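Here is the file run03.cif (mmCIF, C-alpha atoms).
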```
data_coords
loop_
_atom_site.label_atom_id
_atom_site.label_comp_id
_atom_site.auth_asym_id
_atom_site.auth_seq_id
_atom_site.Cartn_x
_atom_site.Cartn_y
_atom_site.Cartn_z
CA MET A 1 0.00 0.00 0.00
CA ARG A 2 2.84 2.39 0.87
CA LYS A 3 4.43 1.75 -2.52
CA ILE A 4 1.21 2.78 -4.25
CA LEU A 5 0.83 5.92 -2.12
CA ASP A 6 4.45 6.88 -2.87
CA ASN A 7 4.08 6.27 -6.62
CA HIS A 8 3.57 9.71 -8.13
CA ILE A 9 2.34 8.38 -11.49
CA ILE A 10 -0.41 6.22 -9.93
CA MET A 11 -1.43 8.83 -7.37
CA SER A 12 -1.44 11.63 -9.96
CA GLY A 13 -3.94 9.59 -11.97
CA PHE A 14 -5.98 8.85 -8.83
CA TYR A 15 -6.23 12.51 -7.84
CA LYS A 16 -7.09 13.49 -11.40
CA GLY A 17 -9.89 10.91 -11.29
CA ILE A 18 -11.30 12.63 -8.20
CA SER A 19 -11.03 15.98 -9.99
CA GLY A 20 -12.83 14.58 -13.01
CA ILE A 21 -15.74 13.12 -11.04
CA SER A 22 -16.10 16.38 -9.10
CA LEU A 23 -16.03 18.29 -12.38
CA PHE A 24 -18.84 16.18 -13.86
CA LEU A 25 -21.03 16.73 -10.81
CA THR A 26 -20.26 20.46 -10.86
CA ILE A 27 -21.21 20.75 -14.54
CA ARG A 28 -24.61 19.20 -13.80
CA LEU A 29 -25.18 21.68 -10.95
CA LEU A 30 -24.05 24.67 -13.02
CA ILE A 31 -26.26 23.81 -15.99
CA ASP A 32 -29.27 23.46 -13.69
CA TYR A 33 -28.40 26.64 -11.78
CA LEU A 34 -27.36 28.92 -14.67
CA GLY A 35 -29.43 27.50 -17.53
CA ASN A 36 -28.06 26.57 -20.95
CA GLU A 37 -27.12 30.07 -22.10
CA GLY A 38 -25.82 31.08 -18.67
CA TYR A 39 -23.64 27.97 -18.57
CA GLY A 40 -22.43 28.74 -22.11
CA ILE A 41 -21.32 32.19 -20.90
CA TRP A 42 -19.55 30.58 -17.92
CA VAL A 43 -17.67 28.27 -20.30
CA LEU A 44 -16.52 31.31 -22.29
CA LEU A 45 -15.29 32.99 -19.09
CA PHE A 46 -13.56 29.85 -17.85
CA THR A 47 -11.79 29.41 -21.18
CA VAL A 48 -10.29 32.86 -20.59
CA PHE A 49 -9.02 31.46 -17.27
CA GLN A 50 -7.26 28.62 -19.10
CA LEU A 51 -5.77 31.08 -21.56
CA VAL A 52 -4.43 33.32 -18.77
CA LEU A 53 -2.74 30.38 -17.03
CA LEU A 54 -0.85 29.61 -20.24
CA MET A 55 0.25 33.19 -20.99
CA ASP A 56 3.35 32.86 -18.81
CA PHE A 57 5.93 32.94 -21.63
CA GLY A 58 6.46 29.27 -20.82
CA VAL A 59 8.42 30.07 -17.66
CA GLN A 60 6.55 27.45 -15.60
CA SER A 61 7.12 24.75 -18.21
CA THR A 62 10.80 25.73 -18.28
CA LEU A 63 10.99 24.82 -14.59
CA LYS A 64 9.99 21.23 -15.37
CA THR A 65 12.75 20.93 -17.96
CA GLN A 66 15.55 22.96 -16.36
CA ILE A 67 15.28 21.97 -12.68
CA PRO A 68 16.00 18.24 -13.33
CA VAL A 69 19.14 19.36 -15.22
CA LEU A 70 20.27 21.53 -12.28
CA VAL A 71 19.45 18.72 -9.81
CA HIS A 72 21.54 16.35 -11.95
CA GLU A 73 24.41 18.86 -11.79
CA ASN A 74 23.82 19.47 -8.04
CA LYS A 75 23.50 23.25 -8.49
CA ARG A 76 21.27 24.11 -5.54
CA GLU A 77 21.87 27.88 -5.68
CA LYS A 78 20.90 28.07 -9.34
CA ILE A 79 17.70 26.13 -8.62
CA SER A 80 16.73 28.67 -5.98
CA ALA A 81 17.63 31.56 -8.28
CA LEU A 82 15.61 30.10 -11.15
CA ILE A 83 12.51 29.65 -8.95
CA ASN A 84 12.75 33.19 -7.59
CA SER A 85 13.24 34.57 -11.08
CA THR A 86 10.14 32.67 -12.24
CA TYR A 87 7.98 34.27 -9.55
CA ARG A 88 9.33 37.73 -10.33
CA THR A 89 8.66 37.29 -14.05
CA SER A 90 5.19 35.84 -13.42
CA ILE A 91 4.14 38.83 -11.31
CA LEU A 92 5.13 41.17 -14.15
CA ILE A 93 3.24 39.05 -16.69
CA ALA A 94 0.14 38.99 -14.44
CA VAL A 95 0.11 42.80 -14.31
CA LEU A 96 0.42 43.02 -18.09
CA ILE A 97 -2.39 40.49 -18.56
CA LEU A 98 -4.65 42.46 -16.22
CA ILE A 99 -4.01 45.68 -18.16
CA SER A 100 -4.48 43.97 -21.53
CA PHE A 101 -7.78 42.25 -20.71
CA SER A 102 -9.11 45.38 -18.99
CA SER A 103 -8.51 47.24 -22.25
CA ILE A 104 -10.50 44.61 -24.16
CA CYS A 105 -13.62 45.60 -22.23
CA PHE A 106 -13.39 49.14 -23.62
CA PHE A 107 -12.48 48.40 -27.24
CA ILE A 108 -14.35 45.17 -28.12
CA ASP A 109 -18.10 44.61 -28.15
CA LEU A 110 -18.14 41.20 -26.44
CA LYS A 111 -21.94 41.04 -26.40
CA SER A 112 -22.18 41.15 -30.20
CA SER A 113 -19.01 39.12 -30.85
CA PHE A 114 -20.36 36.08 -28.97
CA ASN A 115 -24.10 36.59 -29.57
CA ILE A 116 -24.83 37.03 -25.84
CA SER A 117 -28.43 38.13 -25.22
CA LEU A 118 -28.72 37.18 -21.55
CA LEU A 119 -26.56 40.02 -20.13
CA SER A 120 -25.97 43.71 -20.72
CA ASP A 121 -22.65 45.14 -21.91
CA PHE A 122 -21.89 46.38 -18.39
CA GLU A 123 -22.62 42.98 -16.84
CA ILE A 124 -20.44 41.13 -19.37
CA ASN A 125 -17.51 43.51 -18.86
CA SER A 126 -17.88 43.37 -15.06
CA LEU A 127 -17.80 39.56 -15.06
CA LEU A 128 -14.76 39.51 -17.33
CA LEU A 129 -12.84 41.97 -15.12
CA ILE A 130 -13.70 40.15 -11.87
CA ASN A 131 -12.62 36.81 -13.33
CA ILE A 132 -9.42 38.29 -14.78
CA VAL A 133 -8.41 39.66 -11.36
CA PHE A 134 -8.88 36.23 -9.79
CA PHE A 135 -7.19 34.50 -12.70
CA CYS A 136 -4.11 36.77 -12.53
CA LEU A 137 -3.69 36.12 -8.79
CA THR A 138 -4.14 32.37 -9.34
CA PHE A 139 -1.69 32.57 -12.24
CA ILE A 140 1.08 33.47 -9.76
CA ALA A 141 -0.04 31.06 -7.03
CA ASN A 142 -0.32 28.25 -9.61
CA ILE A 143 3.47 27.99 -10.11
CA HIS A 144 3.72 25.37 -7.36
CA LYS A 145 2.30 22.72 -9.73
CA SER A 146 5.30 22.95 -12.06
CA LEU A 147 7.64 22.93 -9.07
CA TYR A 148 6.19 19.71 -7.65
CA VAL A 149 6.52 18.02 -11.06
CA ALA A 150 10.07 19.34 -11.52
CA PHE A 151 11.09 17.84 -8.17
CA LEU A 152 9.48 14.51 -9.19
CA LYS A 153 6.60 14.97 -6.71
CA GLY A 154 3.83 15.41 -9.25
CA LYS A 155 1.10 13.82 -7.13
CA TYR A 156 0.95 16.93 -4.94
CA ALA A 157 0.18 19.10 -7.97
CA GLU A 158 -2.79 16.88 -8.83
CA GLN A 159 -3.79 16.65 -5.17
CA SER A 160 -4.15 20.43 -5.06
CA ILE A 161 -6.38 20.38 -8.16
CA ALA A 162 -8.56 17.64 -6.64
CA ILE A 163 -9.05 19.56 -3.39
CA ASN A 164 -9.82 22.75 -5.30
CA GLN A 165 -12.42 20.97 -7.44
CA LEU A 166 -14.01 19.28 -4.41
CA LEU A 167 -14.31 22.61 -2.60
CA PHE A 168 -15.84 24.25 -5.66
CA LEU A 169 -18.33 21.37 -5.94
CA GLY A 170 -19.24 21.62 -2.25
CA LEU A 171 -19.74 25.39 -2.28
CA THR A 172 -21.65 25.27 -5.58
CA SER A 173 -23.95 22.62 -4.05
CA LEU A 174 -24.62 24.91 -1.09
CA ILE A 175 -25.62 27.91 -3.22
CA VAL A 176 -27.90 25.71 -5.37
CA ILE A 177 -29.58 24.24 -2.27
CA PHE A 178 -29.89 27.34 -0.10
CA SER A 179 -30.05 30.31 -2.47
CA ASN A 180 -33.45 31.56 -3.61
CA PRO A 181 -33.46 31.79 -7.45
CA SER A 182 -36.10 34.53 -7.39
CA PHE A 183 -33.69 36.88 -5.60
CA LEU A 184 -30.84 36.37 -8.07
CA ASN A 185 -30.85 37.34 -11.72
CA ASN A 186 -28.56 35.77 -14.33
CA TYR A 187 -25.77 38.27 -13.70
CA ASN A 188 -25.78 37.74 -9.92
CA LYS A 189 -25.70 33.96 -10.35
CA LEU A 190 -22.66 34.19 -12.65
CA LEU A 191 -21.03 36.67 -10.28
CA LEU A 192 -21.51 34.33 -7.31
CA VAL A 193 -20.08 31.36 -9.22
CA SER A 194 -17.11 33.49 -10.34
CA ILE A 195 -16.29 34.55 -6.77
CA ILE A 196 -16.55 30.98 -5.44
CA ASN A 197 -14.39 29.59 -8.25
CA GLY A 198 -11.76 32.33 -8.02
CA GLY A 199 -11.63 32.39 -4.23
CA THR A 200 -11.27 28.64 -3.68
CA SER A 201 -8.67 28.31 -6.44
CA LEU A 202 -6.57 31.13 -5.01
CA LEU A 203 -6.66 29.87 -1.41
CA VAL A 204 -5.83 26.24 -2.30
CA ASN A 205 -2.94 27.27 -4.55
CA LEU A 206 -1.52 29.58 -1.88
CA TYR A 207 -1.59 26.74 0.67
CA TYR A 208 0.28 24.33 -1.62
CA THR A 209 2.79 27.04 -2.56
CA ILE A 210 3.69 27.61 1.11
CA ARG A 211 3.83 23.83 1.62
CA PHE A 212 6.29 23.40 -1.26
CA PHE A 213 8.78 25.97 0.03
CA LYS A 214 8.66 24.47 3.53
CA LEU A 215 9.07 20.94 2.14
CA GLU A 216 12.06 21.78 -0.08
CA LYS A 217 13.55 24.32 2.36
CA ILE A 218 13.82 26.99 -0.33
CA VAL A 219 13.58 30.68 0.55
CA LEU A 220 11.48 32.78 -1.82
CA SER A 221 13.18 36.10 -2.55
CA LEU A 222 12.02 38.31 -5.40
CA LYS A 223 15.26 40.31 -5.27
CA SER A 224 17.55 37.48 -6.37
CA ARG A 225 18.85 37.23 -9.92
CA ILE A 226 19.73 34.46 -12.33
CA ASN A 227 22.64 34.85 -14.73
CA SER A 228 21.24 32.64 -17.48
CA ILE A 229 17.84 34.36 -17.67
CA ASP A 230 18.17 34.80 -21.47
CA THR A 231 18.47 31.03 -21.96
CA HIS A 232 15.47 30.33 -19.76
CA PHE A 233 13.46 33.11 -21.39
CA LYS A 234 14.16 31.76 -24.88
CA MET A 235 13.05 28.28 -23.87
CA GLY A 236 10.07 29.79 -22.05
CA ILE A 237 8.93 31.59 -25.19
CA LYS A 238 8.98 28.26 -27.03
CA PHE A 239 6.87 26.62 -24.33
CA MET A 240 4.43 29.53 -24.44
CA ILE A 241 3.98 29.11 -28.19
CA ILE A 242 3.28 25.40 -27.62
CA GLN A 243 0.85 26.02 -24.74
CA ILE A 244 -1.15 28.75 -26.46
CA GLY A 245 -1.13 26.84 -29.74
CA PHE A 246 -2.48 23.69 -28.07
CA LEU A 247 -5.09 25.68 -26.16
CA PHE A 248 -6.21 27.60 -29.25
CA ILE A 249 -6.60 24.45 -31.33
CA PHE A 250 -8.70 22.59 -28.75
CA SER A 251 -10.26 25.31 -26.57
CA SER A 252 -11.26 27.87 -29.19
CA ASP A 253 -14.09 25.57 -30.27
CA SER A 254 -16.53 27.08 -27.75
CA TYR A 255 -15.89 30.57 -29.12
CA ILE A 256 -16.29 29.38 -32.71
CA ILE A 257 -19.58 27.65 -31.88
CA SER A 258 -20.80 30.77 -30.06
CA ASN A 259 -19.82 32.93 -33.03
CA ILE A 260 -21.47 30.82 -35.74
CA LEU A 261 -24.48 29.79 -33.62
CA ASN A 262 -25.05 31.07 -30.02
CA PRO A 263 -23.85 30.29 -26.45
CA SER A 264 -26.70 27.84 -25.77
CA GLU A 265 -25.40 25.59 -28.58
CA ILE A 266 -22.15 25.13 -26.63
CA VAL A 267 -23.85 22.89 -24.06
CA ALA A 268 -24.08 19.69 -26.18
CA TYR A 269 -20.48 20.03 -27.33
CA GLU A 270 -19.24 20.93 -23.85
CA VAL A 271 -21.01 18.03 -22.12
CA ILE A 272 -19.55 15.41 -24.50
CA ASN A 273 -16.17 17.13 -24.50
CA LYS A 274 -16.00 17.18 -20.69
CA LEU A 275 -17.05 13.54 -20.47
CA PHE A 276 -14.17 12.49 -22.72
CA GLN A 277 -11.80 14.86 -20.96
CA PHE A 278 -12.15 12.62 -17.93
CA PRO A 279 -9.95 9.75 -19.25
CA PHE A 280 -7.71 12.28 -20.99
CA MET A 281 -7.16 14.25 -17.77
CA ILE A 282 -6.44 11.12 -15.74
CA LEU A 283 -3.87 9.83 -18.24
CA PHE A 284 -2.41 13.31 -18.79
CA ALA A 285 -1.93 13.71 -15.04
CA ALA A 286 -0.47 10.22 -14.69
CA LEU A 287 1.97 10.92 -17.53
CA SER A 288 2.98 14.39 -16.27
CA PRO A 289 5.78 13.12 -13.99
CA LEU A 290 7.35 11.54 -17.10
CA TRP A 291 8.23 15.05 -18.31
CA SER A 292 11.07 15.43 -15.80
CA MET A 293 11.88 11.69 -15.84
CA PHE A 294 12.45 11.84 -19.61
CA ALA A 295 14.78 14.80 -19.04
CA MET A 296 16.84 12.76 -16.55
CA HIS A 297 16.99 9.66 -18.78
CA TYR A 298 18.00 11.77 -21.78
CA LEU A 299 20.76 13.51 -19.82
CA GLU A 300 22.05 10.14 -18.64
CA LYS A 301 21.80 8.81 -22.26
CA LYS A 302 19.67 5.84 -21.21
CA LYS A 303 18.66 4.93 -24.75
CA GLU A 304 17.31 1.46 -23.95
CA LYS A 305 15.29 2.79 -21.00
CA LEU A 306 13.61 5.34 -23.29
CA TYR A 307 12.83 2.67 -25.89
CA LYS A 308 11.37 0.51 -23.13
CA ASP A 309 9.13 3.38 -21.99
CA PHE A 310 7.93 3.95 -25.56
CA LYS A 311 7.16 0.25 -26.02
CA LYS A 312 5.26 0.02 -22.73
CA PHE A 313 3.07 2.97 -23.65
CA ASN A 314 2.34 1.65 -27.16
CA LYS A 315 1.07 -1.60 -25.63
CA PHE A 316 -0.90 0.25 -22.96
CA PHE A 317 -2.48 2.44 -25.66
CA ILE A 318 -4.42 -0.62 -26.89
CA VAL A 319 -6.08 -0.78 -23.45
CA ILE A 320 -6.80 2.96 -23.66
CA VAL A 321 -8.54 2.54 -27.02
CA ILE A 322 -10.69 -0.30 -25.67
CA GLY A 323 -11.65 1.86 -22.69
CA LEU A 324 -12.60 4.77 -24.96
CA LEU A 325 -14.73 2.49 -27.14
CA ILE A 326 -16.59 1.32 -24.03
CA LEU A 327 -17.10 4.97 -23.03
CA TYR A 328 -18.35 5.72 -26.57
CA THR A 329 -20.96 2.98 -26.22
CA LEU A 330 -22.07 4.13 -22.75
CA THR A 331 -22.08 7.89 -23.41
CA PRO A 332 -25.80 8.29 -24.31
CA PHE A 333 -26.78 6.44 -21.12
CA ILE A 334 -24.29 8.42 -18.98
CA VAL A 335 -25.56 11.74 -20.36
CA SER A 336 -29.19 10.72 -19.75
CA ILE A 337 -28.57 10.13 -16.04
CA TRP A 338 -25.99 12.90 -15.69
CA LEU A 339 -28.22 15.77 -16.80
CA LYS A 340 -31.73 16.58 -15.61
CA GLU A 341 -32.93 17.71 -19.03
CA ASN A 342 -32.37 15.88 -22.30
CA ILE A 343 -30.04 17.63 -24.72
CA ALA A 344 -29.91 17.10 -28.46
CA ILE A 345 -26.57 15.50 -29.34
CA PRO A 346 -25.64 16.01 -33.02
CA GLU A 347 -25.05 12.84 -35.03
CA HIS A 348 -21.41 11.64 -35.02
CA LEU A 349 -20.41 14.12 -32.24
CA ILE A 350 -19.65 11.27 -29.81
CA LEU A 351 -17.75 9.22 -32.41
CA LEU A 352 -15.59 12.16 -33.51
CA THR A 353 -14.86 13.10 -29.89
CA THR A 354 -13.78 9.50 -29.19
CA ILE A 355 -11.33 9.43 -32.09
CA VAL A 356 -9.87 12.88 -31.36
CA THR A 357 -9.44 12.01 -27.66
CA ALA A 358 -7.63 8.75 -28.47
CA LEU A 359 -5.19 10.49 -30.82
CA LYS A 360 -4.61 13.35 -28.35
CA ILE A 361 -3.68 10.85 -25.62
CA TYR A 362 -1.29 9.01 -27.95
CA VAL A 363 0.46 12.19 -29.11
CA SER A 364 0.61 13.68 -25.57
CA PHE A 365 2.92 10.89 -24.39
CA TYR A 366 5.47 11.71 -27.09
CA THR A 367 5.14 15.47 -26.63
CA PHE A 368 6.10 14.96 -22.97
CA PHE A 369 9.33 13.45 -24.26
CA LEU A 370 10.05 16.43 -26.56
CA ASN A 371 9.13 18.90 -23.80
CA GLY A 372 11.24 17.08 -21.22
CA ILE A 373 14.43 17.06 -23.31
CA GLY A 374 13.87 20.60 -24.61
CA LYS A 375 13.78 19.65 -28.32
CA LEU A 376 10.95 21.99 -29.21
CA ASN A 377 11.61 23.48 -32.67
CA PHE A 378 10.05 20.57 -34.59
CA TYR A 379 6.97 20.54 -32.32
CA ILE A 380 6.56 24.33 -32.68
CA THR A 381 6.74 24.11 -36.48
CA ILE A 382 3.94 21.53 -36.55
CA LEU A 383 1.86 23.62 -34.12
CA ILE A 384 2.22 26.79 -36.20
CA ILE A 385 1.07 24.92 -39.32
CA SER A 386 -1.84 23.51 -37.29
CA LEU A 387 -2.82 26.98 -36.05
CA ILE A 388 -2.88 28.26 -39.62
CA LEU A 389 -5.10 25.36 -40.65
CA LYS A 390 -7.53 25.32 -37.68
CA ILE A 391 -9.98 28.15 -38.43
CA PRO A 392 -10.06 27.82 -42.27
CA LEU A 393 -10.62 24.07 -41.88
CA THR A 394 -13.39 24.61 -39.34
CA TYR A 395 -15.25 27.12 -41.51
CA TYR A 396 -14.74 24.90 -44.54
CA PHE A 397 -16.60 22.12 -42.73
CA VAL A 398 -19.21 24.67 -41.56
CA ASP A 399 -19.82 25.60 -45.20
CA LEU A 400 -20.37 21.88 -45.87
CA ASN A 401 -23.15 21.96 -43.23
CA PHE A 402 -21.41 19.82 -40.61
CA GLY A 403 -22.55 22.25 -37.87
CA ILE A 404 -21.01 21.69 -34.43
CA ASN A 405 -19.10 18.68 -35.77
CA SER A 406 -17.01 21.11 -37.87
CA VAL A 407 -14.79 21.98 -34.91
CA LEU A 408 -14.09 18.30 -34.25
CA LEU A 409 -13.43 17.47 -37.90
CA SER A 410 -10.79 20.22 -38.11
CA SER A 411 -9.20 18.95 -34.88
CA LEU A 412 -9.21 15.40 -36.25
CA VAL A 413 -7.28 16.42 -39.37
CA ILE A 414 -4.71 18.19 -37.19
CA VAL A 415 -4.15 15.38 -34.66
CA LEU A 416 -3.82 12.85 -37.49
CA ILE A 417 -0.88 14.88 -38.81
CA TRP A 418 0.61 14.99 -35.30
CA THR A 419 0.18 11.23 -34.84
CA LEU A 420 2.22 10.55 -37.98
CA LEU A 421 5.05 13.03 -37.39
CA ILE A 422 5.68 13.50 -33.65
CA PRO A 423 6.33 9.86 -32.56
CA TYR A 424 8.62 9.44 -35.59
CA LYS A 425 10.67 12.43 -34.44
CA CYS A 426 10.93 11.04 -30.89
CA TYR A 427 12.29 7.70 -32.11
CA LYS A 428 14.74 9.49 -34.38
CA ILE A 429 16.08 11.62 -31.49
CA THR A 430 16.40 8.57 -29.23
CA GLU A 431 18.22 6.63 -31.94
CA SER A 432 20.83 9.42 -32.18
CA LEU A 433 21.87 8.97 -28.50
CA ASN A 434 25.38 7.53 -27.91
CA LYS A 435 26.39 8.28 -31.51
#
```

Kindly present the structure from the file in structure tokens form.
Amino acid sequence: MRKILDNHIIMSGFYKGISGISLFLTIRLLIDYLGNEGYGIWVLLFTVFQLVLLMDFGVQSTLKTQIPVLVHENKREKISALINSTYRTSILIAVLILISFSSICFFIDLKSSFNISLLSDFEINSLLLINIVFFCLTFIANIHKSLYVAFLKGKYAEQSIAINQLLFLGLTSLIVIFSNPSFLNNYNKLLLVSIINGGTSLLVNLYYTIRFFKLEKIVLSLKSRINSIDTHFKMGIKFMIIQIGFLFIFSSDSYIISNILNPSEIVAYEVINKLFQFPFMILFAALSPLWSMFAMHYLEKKKEKLYKDFKKFNKFFIVIVIGLLILYTLTPFIVSIWLKENIAIPEHLILLTTIVTALKIYVSFYTFFLNGIGKLNFYITILIISLILKIPLTYYFVDLNFGINSVLLSSLVIVLIWTLLIPYKCYKITESLNK
């Protein structure tokens, strides 16, 4: 039992499973509480949250690649300096993000852009600003997750997410049970949900940040410097391109659907997408510790160990596909008992989501390898091409009357390209070791 509890890969997957179940229950509550269009607006706001967390110039991802190198070289002072530099840079980025998104409220008509009829311009801008303030604070407090992974203690990063999601579920349940709907309009409901989400996330992340520094006996000082900041910044920019590119390709779908249809149409897509995110999140979390492990194995030139890891995953992927096919079969039943009201699920939406999820899981394993060893140029090139293709492909399928399925069809074309090219590159890099 102790071996299982100390295994960061197994426990990361376990905690992500808890997060996923809590997320499903929360979605049901939010749809019932906010209504279809209100929930669609919340999804748009929460996608901004995801975007903000990735607009860090890749500095947090750099920690997961660079710290294992410094640990390998036993350079404790440089580790401390790198961490302190990351916090200093992140604070500056958070301020810039706050200013940038505040400006958006004055120059862009969000109500017309996303076909929002439920709220006034003032209410939409107020919600965006409130969420951005919370998101920027969480952006800084969220650094601890990368630090736990970098120090090969990834289960604590996922543990923090699980606790945050459980708290959000609990507090959301309380407002649904005890609040009187007649006293709260749509704006007040969204405001209350925003405050609960932002407040719990901030407090949980602050606790785990303090815990990390006590555990590793590192002193946080924003005055310290790091001599090789240019190297870290250059790598960070590459990670930021990857993060934003990945997010844009797979998380812009809600905005595209809202633009071509309306926010209420997001619900069917979002419900199926979240359901299939569950296995993806669990496996993604379980694989996250491999990022820094790959870095160590690459530095030590353990070619056979890397090949063994690749082979194990390829065999395990067969089990993953079987599991996804079972989920595909059960999805209509799960949705019927998950949601109070029946929702119209477009034909082929579940099948396309199943295929895209399977390919994303397969590619994610190999991208962890490229991220871990810092070989990012090839990955970035593929992402840039994918970004160029995403919107034209989506609207091409829209013109062919594929409706909501258009966003999934464009994603499918892109991940098929990734599946062919990225694993090949990983094997080629591994083969070049010891030459």

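Note on the selection: in this file the PyMOL selection byres ((chain A and resi 130) around 10) comes out as Ser102, Asn125, Ser126, Leu127, Leu128, Leu129, Asn131, Ile132, Val133, Phe134, Phe135, Leu191, Ser194, Ile195 and Gly198 of chain A.
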
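Within 9 Å of Thr430 in chain A, once only C-alpha atoms are used and residues closer than 4 positions along the same chain are dropped, the contacting residues are Tyr298, Lys301, Lys303, Glu304, Leu306, Tyr307, Lys425 and Cys426 of chain A.
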
Using only C-alpha atoms, which residue out of A:Ala150, A:Leu412, A:Leu190, A:Val407 lies closest to Thr354 in chain A?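 So, comparing all the options, the nearest one is A:Leu412.
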
Take the PyMOL selection byres ((chain A and resi 204) around 9), run it mentally on this structure, and tell me the resulting residues as JSON, numbers by chain. {"A": [141, 160, 161, 163, 164, 199, 200, 201, 202, 203, 205, 206, 207, 208, 209]}

Counting only C-alpha atoms, the option among A:Ser411, A:Ser103, A:Ser19, A:Asn180 closest to Phe248 in chain A: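 The closest residue to Phe248 in chain A is A:Ser411.
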
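We find CA of Tyr33 in chain A and CA of Ser336 in chain A to be spaced 17.8 Å apart.
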
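Picture a line from CA of Gly35 in chain A to CA of Leu275 in chain A; it runs 18.9 Å.
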
Neighbour list for Phe294 in chain A as a list in words, cut-off 8 Å, all atoms listed in the file, skip fewer than 3 positions in-chain: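 Counting all atoms listed in the file, the residues come to Leu290, Trp291, His297, Tyr298, Leu306, Phe368, Phe369, Gly372 and Ile373 of chain A.
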
Since I can't run it myself right now, could you work out what the PyMOL selection byres ((chain A and resi 109-114) around 6) selects here and report it as JSON, numbers by chain? {"A": [108, 115, 116, 258, 259]}

Kindly complete range 164-176 of chain A to N, CA, C and O atoms; the output should be written as a compact mmCIF listing (two decimals), in the coordinates of the input.
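out-v6.txt, written as the output of this step:
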```txt
# COMPACT_ATOMS: atom_id res chain seq x y z
N ASN A 164 -9.19 21.54 -4.78
CA ASN A 164 -9.82 22.75 -5.30
C ASN A 164 -11.17 22.42 -5.95
O ASN A 164 -12.18 23.09 -5.71
N GLN A 165 -11.20 21.35 -6.75
CA GLN A 165 -12.42 20.97 -7.44
C GLN A 165 -13.49 20.48 -6.47
O GLN A 165 -14.68 20.77 -6.64
N LEU A 166 -13.06 19.75 -5.42
CA LEU A 166 -14.01 19.28 -4.41
C LEU A 166 -14.63 20.45 -3.63
O LEU A 166 -15.83 20.45 -3.35
N LEU A 167 -13.80 21.43 -3.31
CA LEU A 167 -14.31 22.61 -2.60
C LEU A 167 -15.29 23.39 -3.46
O LEU A 167 -16.34 23.85 -2.99
N PHE A 168 -14.95 23.54 -4.74
CA PHE A 168 -15.84 24.25 -5.66
C PHE A 168 -17.17 23.51 -5.80
O PHE A 168 -18.24 24.14 -5.80
N LEU A 169 -17.11 22.18 -5.88
CA LEU A 169 -18.33 21.37 -5.94
C LEU A 169 -19.17 21.55 -4.68
O LEU A 169 -20.39 21.75 -4.76
N GLY A 170 -18.52 21.49 -3.52
CA GLY A 170 -19.24 21.62 -2.25
C GLY A 170 -19.92 22.97 -2.11
O GLY A 170 -21.10 23.06 -1.74
N LEU A 171 -19.18 24.04 -2.42
CA LEU A 171 -19.74 25.39 -2.28
C LEU A 171 -20.82 25.65 -3.33
O LEU A 171 -21.82 26.32 -3.04
N THR A 172 -20.63 25.12 -4.54
CA THR A 172 -21.65 25.27 -5.58
C THR A 172 -22.94 24.55 -5.15
O THR A 172 -24.05 25.05 -5.36
N SER A 173 -22.79 23.37 -4.54
CA SER A 173 -23.95 22.62 -4.05
C SER A 173 -24.71 23.44 -3.01
O SER A 173 -25.96 23.47 -3.01
N LEU A 174 -23.98 24.12 -2.14
CA LEU A 174 -24.62 24.91 -1.09
C LEU A 174 -25.43 26.07 -1.67
O LEU A 174 -26.55 26.33 -1.21
N ILE A 175 -24.88 26.76 -2.67
CA ILE A 175 -25.62 27.91 -3.22
C ILE A 175 -26.85 27.42 -4.01
O ILE A 175 -27.88 28.10 -4.03
N VAL A 176 -26.74 26.25 -4.65
CA VAL A 176 -27.90 25.71 -5.37
C VAL A 176 -29.00 25.31 -4.40
O VAL A 176 -30.19 25.53 -4.65
```
